[in-house]
Number of protein chains: 2
Amino acid sequence: MRKIKVSAEEQLKELKRGTVDIIPEDELLKKLKKSYEEDKPLIVKFGADPSRPDIHLGHTVILQKLKLLQDFGHEVHFLIGDFTARIGDPSGKSKTRPILTDQEVIENAKTYSQQVAKVLDMEKTKVDFNNDWLGELSPIDMIKIMAKVTISSVLERDDFTKRFKAQEAIYMHEFAYPLMQGYDSVAMDADLELGGTDQTFNLLMGRHLQKAFDKEPQCILTMPILEGTDGVQKMSKSLENYISLEDTPSDMFGKMMSISDDLMLKYYELLCRRSAEEVSELIGEIKSGKKHPMDAKKELAVEIVNYYHPEGTGEEERKKFEDRFAKNKIPDDILTVDVESGEFKVLDFFRDMEFIKSNGEGRRLIKQNAFKLDGKACKEETLDLKSGSEHILKLGKLRMAKIVVK
Amino acid sequence: MRKIKVSAEEQLKELKRGTVDIIPEDELLKKLKKSYEEDKPLIVKFGADPSRPDIHLGHTVILQKLKLLQDFGHEVHFLIGDFTARIGDPSGKSKTRPILTDQEVIENAKTYSQQVAKVLDMEKTKVDFNNDWLGELSPIDMIKIMAKVTISSVLERDDFTKRFKAQEAIYMHEFAYPLMQGYDSVAMDADLELGGTDQTFNLLMGRHLQKAFDKEPQCILTMPILEGTDGVQKMSKSLENYISLEDTPSDMFGKMMSISDDLMLKYYELLCRRSAEEVSELIGEIKSGKKHPMDAKKELAVEIVNYYHPEGTGEEERKKFEDRFAKNKIPDDILTVDVESGEFKVLDFFRDMEFIKSNGEGRRLIKQNAFKLDGKACKEETLDLKSGSEHILKLGKLRMAKIVVK
């Protein structure tokens, strides 16, 4: 049975969706064609930082691309950078690069594997540790690798350029690390390496070193950095704008529904598992107004919850969400207030509840039929309440209270 | 019996002669004092390039300082940089750094030892090979060394600064080499390293890395670069301005006598083996006119020839030199010309011999009594030569010919 079942052109079409760069695209197509003709999987490299094993949706942007490559029949190598992890930052300047023990590296790798298993097919995933080859290099090998790279080419890396211009200290080993990462591609005979756009420099270093060591150079494929739920900054645990793969279905759905319509379009592009064609069609429908953004957002939330939780959980969460916010049904945990029977001044009550800031605002909302008493629009500013009765008062979609009349 | 016999202050006085820098001098004095008090020799490092084993007088500037340190009882380590020699220049950009085989390294080291034995006491000299420790480093060790040094500090090295500004490629391993050399000092526990002023950066790197690895840092002592016999450029085999230790006594003496008076003063400072006090006194005498520069030059030439050839050879060469150029005695290898008997036109002959350019020049010289016939001043422009006779014709001190009359 063939391993590579899909034509090179079709593979490329799906791979391209959402990418920032494929360098060079024609070379990747050639590799895919050869792989298809010879039915020989490409070796796909993805480097993982072994010190931070908390995976969120931001990471899945690339993981899904890797899964796609697995589905096409290629060989995904998940590379744990334990060589540098075992060293840490010997200059002691960087706190983000602690020294890890062998045991910690193994533990982290295990956690990592468990987490990426939510996206990748782990039976088809090879986990490599770069200390296996980097740790075996002789000093002469190291010198030979360094002899392939100029100082100014490394200085071109964005962060180095900035620090150099600001006259901040850059230590020699920091220059050596991208070389070591690049040498991984030489050792692995990688055909393709994936990474975020912030990794472009390092990925190209792999390509450069392969050429320098007379190997067929890898292609590189970069993906955008996914913004967090705030729509502004990179999704990151420390910024609390992240959706963890470990989030409860309810949190995951809720966080998905909280994003802006613009961000949703990006999430569709980068997180949705449907084919490139379907996704682009759907985005067209949203933009043209044919599909309501709220519906589209719910669809994506359902899809994502279903993927990381048992099938059907997404639909359950959608129902709960709609019950709470969209329909008129009353959630169980509604704000409940005891009131006296008799004359009840609606505007005073809304101000006490901080639903409105002024009577003027309340009157405007009442005029707009935004005030609902027991599910029905109400124009009255004063109610006559009977002892022992209960009513649901609602202003707009979100401001809601139950009053229990004594 | 004590090993260190001379007081620290006296040692420092002699060591200082002709140096460009001692960094830091107070620290060296402290080391010398401690060494004297504990009667424990200092470890003195001198790095030799193993690829070019042709030693000339330029090299002896430092070798003599090392000899002085040996005479004071210190332990001189002659370091053969075979680690880098075994690598060569892997980028292939530098032709001056060929890859040497183990065999070549050993051969060169042997030749080197034989040559430096003309200055150093080889029984007291330890020959080290840095591949013994550099070759054993793990990649992690390499990273740890690199973590002690910033990119900008290495860029400060003169040649790197120039190339960086000129946007010429500098390869990473070129930056690594001074670190490796510096690490030699860590591995050797060097107390003092000697080098030419062109090595100051590398010597300081040794000091820096020793501190970084919590070792007592070495002091450094730099010597000026000796100009060649042209008095302009660094003494170098390729520039043909060098005096080799392998030169014949006659070549050595002749080359020494060819240098300018100014250069002679430098040579006295850097090459003469007498005490600092004697040398400074002698230089004073020359400058004040108390001693004739020609006599001083001969004295130095005698001393140097005697040092590299059997004692007394210098005096012999001096005698030959004086016979040939200063006195009127006729050297054996004089230019001999057969002429016809009868009328002999002196000016025509001098022009044929290219002793003079014009008859005018010849007449002037004859008027000045510069023309000597058989050792006696002669004013005649035409001679009457008898068949079978021989005569010595001399114009000034250097232009001389024997004529044999047919």
# chains A, B, ... in the order shown; residues from 1 in each chain; ligands from 1
$ interface_residues --of "chain B" --to "chain A" --cutoff "8 Å" --atoms "only C-alpha atoms" --output "PyMOL selection string"
chain B and resi 87+89-91+134-140+142-144+146-152+169-174+176
$ write_last_selection --atoms "C-alpha atoms" --output "compact mmCIF listing (two decimals), in the first residue's frame"
# COMPACT_ATOMS: atom_id res chain seq x y z
CA ILE B 87 41.96 22.17 12.08
CA ASP B 89 41.00 27.22 8.47
CA PRO B 90 37.83 25.22 7.80
CA SER B 91 36.23 28.13 5.96
CA LEU B 134 41.44 21.54 23.98
CA GLY B 135 40.96 18.30 22.05
CA GLU B 136 39.34 16.79 25.14
CA LEU B 137 36.70 19.49 25.63
CA SER B 138 33.07 18.46 25.39
CA PRO B 139 30.62 20.60 23.40
CA ILE B 140 29.21 21.72 26.74
CA MET B 142 32.99 24.83 24.64
CA ILE B 143 29.63 26.52 25.23
CA LYS B 144 30.66 27.34 28.79
CA MET B 146 31.91 31.00 25.00
CA ALA B 147 29.44 32.06 27.69
CA LYS B 148 32.24 33.99 29.41
CA VAL B 149 32.93 36.33 26.50
CA THR B 150 30.80 38.88 24.70
CA ILE B 151 30.68 39.35 20.96
CA SER B 152 31.53 43.02 21.23
CA ALA B 169 33.26 38.31 6.30
CA ILE B 170 34.46 37.20 9.73
CA TYR B 171 33.62 33.60 10.50
CA MET B 172 32.44 32.44 13.91
CA HIS B 173 35.39 30.09 14.41
CA GLU B 174 37.76 33.03 14.02
CA ALA B 176 36.44 31.12 18.84
$ select_by_dssp --residues "segment 112-166 of chain B" --states "strand (DSSP E)" --output "ChimeraX atom specification"
/B:125-129
$ residues_around --residues "Asp261 of chain A" --least-positions-apart "6" --cutoff "9 Å" --atoms "only C-alpha atoms" --output "PyMOL selection string"
chain A and resi 293-294+297
$ write_last_selection --atoms "N, CA and C atoms" --output "mmCIF file, in the first residue's frame"
data_model
loop_
_atom_site.group_PDB
_atom_site.id
_atom_site.type_symbol
_atom_site.label_atom_id
_atom_site.label_comp_id
_atom_site.auth_asym_id
_atom_site.auth_seq_id
_atom_site.Cartn_x
_atom_site.Cartn_y
_atom_site.Cartn_z
ATOM 1 N N PRO A 293 -21.613 36.360 11.928
ATOM 2 C CA PRO A 293 -20.362 36.093 12.654
ATOM 3 C C PRO A 293 -20.588 35.281 13.926
ATOM 4 N N MET A 294 -21.695 35.565 14.643
ATOM 5 C CA MET A 294 -21.955 34.838 15.888
ATOM 6 C C MET A 294 -22.123 33.340 15.628
ATOM 7 N N LYS A 297 -18.749 31.874 14.817
ATOM 8 C CA LYS A 297 -17.926 31.758 16.014
ATOM 9 C C LYS A 297 -18.333 30.522 16.803
#
$ residues_around --residues "Gly228 of chain B" --least-positions-apart "2" --cutoff "9 Å" --atoms "only C-alpha atoms" --output "PyMOL selection string"
chain B and resi 57-58+226+230-236+239-243+259+263
$ atom_distance --atom1 "atom CA of Asn369 of chain A" --atom2 "atom CA of Leu395 of chain A"
8.9 Å
$ atom_distance --atom1 "atom CA of Thr101 of chain B" --atom2 "atom CA of Gly196 of chain B"
27.2 Å
$ residues_around --residues "segment 310-317 of chain B" --least-positions-apart "6" --cutoff "12 Å" --atoms "only C-alpha atoms" --output "PyMOL selection string"
chain B and resi 118+248-257+298-304+323-324
$ write_last_selection --atoms "N, CA, C and O atoms" --output "PDB file, in the first residue's frame"
ATOM      1  N   LYS B 118      68.681  27.527  20.644  1.00  0.00           N
ATOM      2  CA  LYS B 118      69.796  28.467  20.499  1.00  0.00           C
ATOM      3  C   LYS B 118      69.681  29.616  21.500  1.00  0.00           C
ATOM      4  O   LYS B 118      70.626  30.376  21.707  1.00  0.00           O
ATOM      5  N   THR B 248      74.855  32.320   7.901  1.00  0.00           N
ATOM      6  CA  THR B 248      76.302  32.128   8.128  1.00  0.00           C
ATOM      7  C   THR B 248      76.805  33.305   8.961  1.00  0.00           C
ATOM      8  O   THR B 248      76.196  34.386   8.939  1.00  0.00           O
ATOM      9  N   PRO B 249      77.908  33.118   9.675  1.00  0.00           N
ATOM     10  CA  PRO B 249      78.451  34.216  10.488  1.00  0.00           C
ATOM     11  C   PRO B 249      78.665  35.463   9.649  1.00  0.00           C
ATOM     12  O   PRO B 249      78.357  36.578  10.073  1.00  0.00           O
ATOM     13  N   SER B 250      79.156  35.263   8.427  1.00  0.00           N
ATOM     14  CA  SER B 250      79.466  36.403   7.572  1.00  0.00           C
ATOM     15  C   SER B 250      78.203  37.165   7.165  1.00  0.00           C
ATOM     16  O   SER B 250      78.146  38.391   7.228  1.00  0.00           O
ATOM     17  N   ASP B 251      77.119  36.416   6.790  1.00  0.00           N
ATOM     18  CA  ASP B 251      75.852  37.071   6.438  1.00  0.00           C
ATOM     19  C   ASP B 251      75.280  37.801   7.645  1.00  0.00           C
ATOM     20  O   ASP B 251      74.764  38.915   7.527  1.00  0.00           O
ATOM     21  N   MET B 252      75.346  37.123   8.797  1.00  0.00           N
ATOM     22  CA  MET B 252      74.761  37.702   9.999  1.00  0.00           C
ATOM     23  C   MET B 252      75.463  39.016  10.335  1.00  0.00           C
ATOM     24  O   MET B 252      74.825  40.035  10.583  1.00  0.00           O
ATOM     25  N   PHE B 253      76.813  38.988  10.271  1.00  0.00           N
ATOM     26  CA  PHE B 253      77.581  40.189  10.594  1.00  0.00           C
ATOM     27  C   PHE B 253      77.290  41.290   9.576  1.00  0.00           C
ATOM     28  O   PHE B 253      77.029  42.437   9.931  1.00  0.00           O
ATOM     29  N   GLY B 254      77.318  40.912   8.306  1.00  0.00           N
ATOM     30  CA  GLY B 254      77.087  41.888   7.241  1.00  0.00           C
ATOM     31  C   GLY B 254      75.716  42.528   7.345  1.00  0.00           C
ATOM     32  O   GLY B 254      75.572  43.751   7.229  1.00  0.00           O
ATOM     33  N   LYS B 255      74.683  41.718   7.610  1.00  0.00           N
ATOM     34  CA  LYS B 255      73.326  42.266   7.722  1.00  0.00           C
ATOM     35  C   LYS B 255      73.231  43.198   8.925  1.00  0.00           C
ATOM     36  O   LYS B 255      72.592  44.257   8.849  1.00  0.00           O
ATOM     37  N   MET B 256      73.864  42.809  10.014  1.00  0.00           N
ATOM     38  CA  MET B 256      73.837  43.661  11.201  1.00  0.00           C
ATOM     39  C   MET B 256      74.490  45.016  10.892  1.00  0.00           C
ATOM     40  O   MET B 256      74.005  46.058  11.323  1.00  0.00           O
ATOM     41  N   MET B 257      75.589  44.975  10.134  1.00  0.00           N
ATOM     42  CA  MET B 257      76.294  46.220   9.836  1.00  0.00           C
ATOM     43  C   MET B 257      75.523  47.097   8.849  1.00  0.00           C
ATOM     44  O   MET B 257      75.801  48.286   8.715  1.00  0.00           O
ATOM     45  N   LYS B 298      79.402  47.492  15.435  1.00  0.00           N
ATOM     46  CA  LYS B 298      80.291  46.330  15.344  1.00  0.00           C
ATOM     47  C   LYS B 298      80.240  45.505  16.622  1.00  0.00           C
ATOM     48  O   LYS B 298      80.181  44.277  16.585  1.00  0.00           O
ATOM     49  N   GLU B 299      80.214  46.192  17.762  1.00  0.00           N
ATOM     50  CA  GLU B 299      80.164  45.480  19.055  1.00  0.00           C
ATOM     51  C   GLU B 299      78.934  44.582  19.141  1.00  0.00           C
ATOM     52  O   GLU B 299      79.004  43.439  19.585  1.00  0.00           O
ATOM     53  N   LEU B 300      77.788  45.157  18.727  1.00  0.00           N
ATOM     54  CA  LEU B 300      76.540  44.390  18.790  1.00  0.00           C
ATOM     55  C   LEU B 300      76.580  43.219  17.803  1.00  0.00           C
ATOM     56  O   LEU B 300      76.156  42.101  18.127  1.00  0.00           O
ATOM     57  N   ALA B 301      77.114  43.493  16.602  1.00  0.00           N
ATOM     58  CA  ALA B 301      77.204  42.432  15.588  1.00  0.00           C
ATOM     59  C   ALA B 301      78.093  41.296  16.109  1.00  0.00           C
ATOM     60  O   ALA B 301      77.751  40.110  15.966  1.00  0.00           O
ATOM     61  N   VAL B 302      79.209  41.659  16.725  1.00  0.00           N
ATOM     62  CA  VAL B 302      80.102  40.634  17.301  1.00  0.00           C
ATOM     63  C   VAL B 302      79.350  39.814  18.347  1.00  0.00           C
ATOM     64  O   VAL B 302      79.380  38.583  18.342  1.00  0.00           O
ATOM     65  N   GLU B 303      78.616  40.517  19.233  1.00  0.00           N
ATOM     66  CA  GLU B 303      77.907  39.822  20.311  1.00  0.00           C
ATOM     67  C   GLU B 303      76.890  38.837  19.748  1.00  0.00           C
ATOM     68  O   GLU B 303      76.780  37.697  20.204  1.00  0.00           O
ATOM     69  N   ILE B 304      76.152  39.288  18.737  1.00  0.00           N
ATOM     70  CA  ILE B 304      75.081  38.438  18.183  1.00  0.00           C
ATOM     71  C   ILE B 304      75.678  37.247  17.416  1.00  0.00           C
ATOM     72  O   ILE B 304      75.205  36.118  17.571  1.00  0.00           O
ATOM     73  N   ASP B 323      88.746  44.455   7.301  1.00  0.00           N
ATOM     74  CA  ASP B 323      89.722  44.275   6.224  1.00  0.00           C
ATOM     75  C   ASP B 323      89.126  44.698   4.901  1.00  0.00           C
ATOM     76  O   ASP B 323      89.766  45.363   4.085  1.00  0.00           O
ATOM     77  N   ARG B 324      87.883  44.272   4.693  1.00  0.00           N
ATOM     78  CA  ARG B 324      87.289  44.498   3.385  1.00  0.00           C
ATOM     79  C   ARG B 324      86.919  45.955   3.160  1.00  0.00           C
ATOM     80  O   ARG B 324      87.175  46.528   2.119  1.00  0.00           O
TER      81      ARG B 324
END
$ residues_around --residues "segment 2-18 of chain B" --least-positions-apart "5" --cutoff "7 Å" --atoms "only C-alpha atoms" --output "PyMOL selection string"
chain B and resi 29+32-33+36+39+41+65+72-73+223+269-270+275-276
$ write_last_selection --atoms "N, CA, C and O atoms" --output "compact mmCIF listing (two decimals), in the first residue's frame"
# COMPACT_ATOMS: atom_id res chain seq x y z
N LEU B 29 54.75 42.25 40.21
CA LEU B 29 55.71 42.39 41.31
C LEU B 29 55.28 41.53 42.50
O LEU B 29 56.10 40.84 43.11
N LEU B 32 56.03 37.98 41.73
CA LEU B 32 57.47 37.72 41.81
C LEU B 32 57.91 37.64 43.28
O LEU B 32 58.74 36.80 43.65
N LYS B 33 57.34 38.51 44.11
CA LYS B 33 57.68 38.50 45.53
C LYS B 33 57.27 37.18 46.18
O LYS B 33 58.04 36.56 46.92
N TYR B 36 59.43 34.45 45.10
CA TYR B 36 60.75 34.53 45.76
C TYR B 36 60.65 34.04 47.20
O TYR B 36 61.46 33.22 47.65
N ASP B 39 59.93 30.48 47.21
CA ASP B 39 60.87 29.78 46.33
C ASP B 39 60.14 28.85 45.36
O ASP B 39 60.51 27.69 45.17
N PRO B 41 58.73 28.64 41.48
CA PRO B 41 58.81 29.28 40.16
C PRO B 41 57.43 29.69 39.62
O PRO B 41 56.44 29.02 39.91
N LYS B 65 63.73 37.16 26.62
CA LYS B 65 63.01 37.47 27.86
C LYS B 65 62.68 36.17 28.59
O LYS B 65 62.78 36.09 29.82
N PHE B 72 66.26 33.34 36.09
CA PHE B 72 65.75 33.72 37.41
C PHE B 72 65.15 32.51 38.14
O PHE B 72 64.80 32.61 39.30
N GLY B 73 64.98 31.40 37.43
CA GLY B 73 64.49 30.18 38.07
C GLY B 73 63.05 29.83 37.75
O GLY B 73 62.50 28.88 38.31
N MET B 223 56.18 42.68 24.16
CA MET B 223 57.43 43.20 23.60
C MET B 223 57.12 43.85 22.25
O MET B 223 56.19 43.44 21.56
N GLU B 269 68.47 47.70 22.49
CA GLU B 269 67.46 47.57 23.56
C GLU B 269 66.86 46.16 23.57
O GLU B 269 66.64 45.57 24.63
N LEU B 270 66.61 45.64 22.39
CA LEU B 270 65.81 44.41 22.31
C LEU B 270 66.65 43.14 22.15
O LEU B 270 66.18 42.05 22.46
N SER B 275 73.12 43.77 30.88
CA SER B 275 72.09 44.16 31.85
C SER B 275 71.41 45.45 31.40
O SER B 275 71.97 46.21 30.60
N ALA B 276 70.22 45.66 31.93
CA ALA B 276 69.44 46.85 31.61
C ALA B 276 70.29 48.10 31.82
O ALA B 276 70.27 49.04 31.02
$ atom_distance --atom1 "atom CA of Asn130 of chain B" --atom2 "atom CA of Asp82 of chain B"
6.1 Å
$ select_by_dssp --residues "segment 170-234 of chain B" --states "helix (DSSP H, G or I)" --output "ChimeraX atom specification"
/B:172-188,197-212
$ write_last_selection --atoms "N, CA, C and O atoms" --output "short mmCIF file (atom, residue, chain, number, x, y, z; two decimals), in the first residue's frame"
data_model
loop_
_atom_site.label_atom_id
_atom_site.label_comp_id
_atom_site.auth_asym_id
_atom_site.auth_seq_id
_atom_site.Cartn_x
_atom_site.Cartn_y
_atom_site.Cartn_z
N MET B 172 32.61 32.69 12.48
CA MET B 172 32.44 32.44 13.91
C MET B 172 33.67 31.76 14.53
O MET B 172 34.05 32.07 15.65
N HIS B 173 34.27 30.82 13.80
CA HIS B 173 35.39 30.09 14.41
C HIS B 173 36.59 31.01 14.62
O HIS B 173 37.41 30.76 15.50
N GLU B 174 36.67 32.08 13.82
CA GLU B 174 37.76 33.03 14.02
C GLU B 174 37.61 33.70 15.37
O GLU B 174 38.60 34.07 16.01
N PHE B 175 36.36 33.90 15.77
CA PHE B 175 36.08 34.46 17.09
C PHE B 175 36.38 33.42 18.18
O PHE B 175 36.71 33.78 19.31
N ALA B 176 36.25 32.17 17.83
CA ALA B 176 36.44 31.12 18.84
C ALA B 176 37.93 30.92 19.12
O ALA B 176 38.31 30.58 20.25
N TYR B 177 38.78 31.13 18.11
CA TYR B 177 40.20 30.84 18.30
C TYR B 177 40.84 31.62 19.47
O TYR B 177 41.52 31.02 20.29
N PRO B 178 40.65 32.94 19.55
CA PRO B 178 41.25 33.63 20.71
C PRO B 178 40.73 33.10 22.05
O PRO B 178 41.46 33.10 23.04
N LEU B 179 39.50 32.60 22.06
CA LEU B 179 38.96 32.03 23.30
C LEU B 179 39.70 30.74 23.65
O LEU B 179 39.99 30.48 24.82
N MET B 180 39.96 29.95 22.61
CA MET B 180 40.66 28.69 22.84
C MET B 180 42.08 28.97 23.36
O MET B 180 42.54 28.35 24.31
N GLN B 181 42.73 29.96 22.73
CA GLN B 181 44.07 30.34 23.18
C GLN B 181 44.04 30.86 24.61
O GLN B 181 44.93 30.58 25.40
N GLY B 182 42.99 31.62 24.91
CA GLY B 182 42.85 32.14 26.26
C GLY B 182 42.62 31.02 27.25
O GLY B 182 43.14 31.03 28.37
N TYR B 183 41.86 30.03 26.82
CA TYR B 183 41.57 28.90 27.72
C TYR B 183 42.84 28.11 28.03
O TYR B 183 42.94 27.47 29.08
N ASP B 184 43.83 28.16 27.12
CA ASP B 184 45.12 27.52 27.41
C ASP B 184 45.67 28.00 28.75
O ASP B 184 46.19 27.21 29.54
N SER B 185 45.55 29.31 29.01
CA SER B 185 46.06 29.86 30.27
C SER B 185 45.33 29.27 31.47
O SER B 185 45.91 29.05 32.52
N VAL B 186 44.02 29.02 31.29
CA VAL B 186 43.23 28.39 32.36
C VAL B 186 43.77 26.99 32.60
O VAL B 186 44.05 26.60 33.74
N ALA B 187 43.94 26.24 31.51
CA ALA B 187 44.38 24.84 31.64
C ALA B 187 45.80 24.74 32.20
O ALA B 187 46.13 23.80 32.91
N MET B 188 46.64 25.74 31.87
CA MET B 188 48.05 25.68 32.27
C MET B 188 48.31 26.33 33.62
O MET B 188 49.42 26.26 34.13
N THR B 197 53.38 42.85 20.77
CA THR B 197 52.26 43.78 20.97
C THR B 197 51.05 43.39 20.12
O THR B 197 49.92 43.68 20.49
N ASP B 198 51.29 42.71 19.01
CA ASP B 198 50.17 42.29 18.16
C ASP B 198 49.35 41.18 18.83
O ASP B 198 48.30 40.79 18.34
N GLN B 199 49.85 40.66 19.95
CA GLN B 199 49.16 39.58 20.66
C GLN B 199 48.43 40.05 21.91
O GLN B 199 47.81 39.25 22.62
N THR B 200 48.50 41.38 22.19
CA THR B 200 47.96 41.89 23.46
C THR B 200 46.53 41.41 23.71
O THR B 200 46.20 40.94 24.79
N PHE B 201 45.69 41.51 22.67
CA PHE B 201 44.29 41.11 22.85
C PHE B 201 44.18 39.65 23.30
O PHE B 201 43.47 39.33 24.26
N ASN B 202 44.90 38.78 22.62
CA ASN B 202 44.82 37.36 22.94
C ASN B 202 45.36 37.06 24.34
O ASN B 202 44.81 36.23 25.06
N LEU B 203 46.43 37.77 24.72
CA LEU B 203 47.00 37.54 26.05
C LEU B 203 46.02 37.97 27.14
O LEU B 203 45.85 37.30 28.15
N LEU B 204 45.34 39.10 26.89
CA LEU B 204 44.35 39.58 27.86
C LEU B 204 43.17 38.63 27.95
O LEU B 204 42.54 38.50 29.00
N MET B 205 42.85 37.96 26.84
CA MET B 205 41.76 36.98 26.85
C MET B 205 42.08 35.86 27.84
O MET B 205 41.20 35.37 28.55
N GLY B 206 43.34 35.46 27.88
CA GLY B 206 43.76 34.43 28.84
C GLY B 206 43.50 34.91 30.26
O GLY B 206 42.92 34.19 31.08
N ARG B 207 43.89 36.14 30.53
CA ARG B 207 43.68 36.73 31.85
C ARG B 207 42.18 36.78 32.17
O ARG B 207 41.75 36.40 33.26
N HIS B 208 41.39 37.23 31.19
CA HIS B 208 39.93 37.33 31.39
C HIS B 208 39.30 35.97 31.71
O HIS B 208 38.49 35.84 32.63
N LEU B 209 39.69 34.96 30.93
CA LEU B 209 39.07 33.65 31.13
C LEU B 209 39.50 33.01 32.45
O LEU B 209 38.71 32.33 33.10
N GLN B 210 40.75 33.25 32.85
CA GLN B 210 41.17 32.72 34.15
C GLN B 210 40.29 33.29 35.26
O GLN B 210 39.82 32.57 36.13
N LYS B 211 40.05 34.61 35.20
CA LYS B 211 39.16 35.24 36.19
C LYS B 211 37.77 34.61 36.13
O LYS B 211 37.18 34.27 37.14
N ALA B 212 37.26 34.47 34.89
CA ALA B 212 35.91 33.94 34.71
C ALA B 212 35.80 32.51 35.24
O ALA B 212 34.72 32.08 35.67
#
$ closest_residue --among "B:Asp132, B:Glu38, B:Glu390, B:Asp26" --to "Leu373 of chain B" --atoms "only C-alpha atoms"
B:Glu390
$ closest_residue --among "B:Ala377, B:Ala166, B:Leu393, B:Leu398" --to "Leu347 of chain B" --atoms "only C-alpha atoms"
B:Leu393
$ closest_residue --among "B:Val405, B:Lys30, B:Lys357, B:Lys372" --to "Gly342 of chain B" --atoms "only C-alpha atoms"
B:Val405
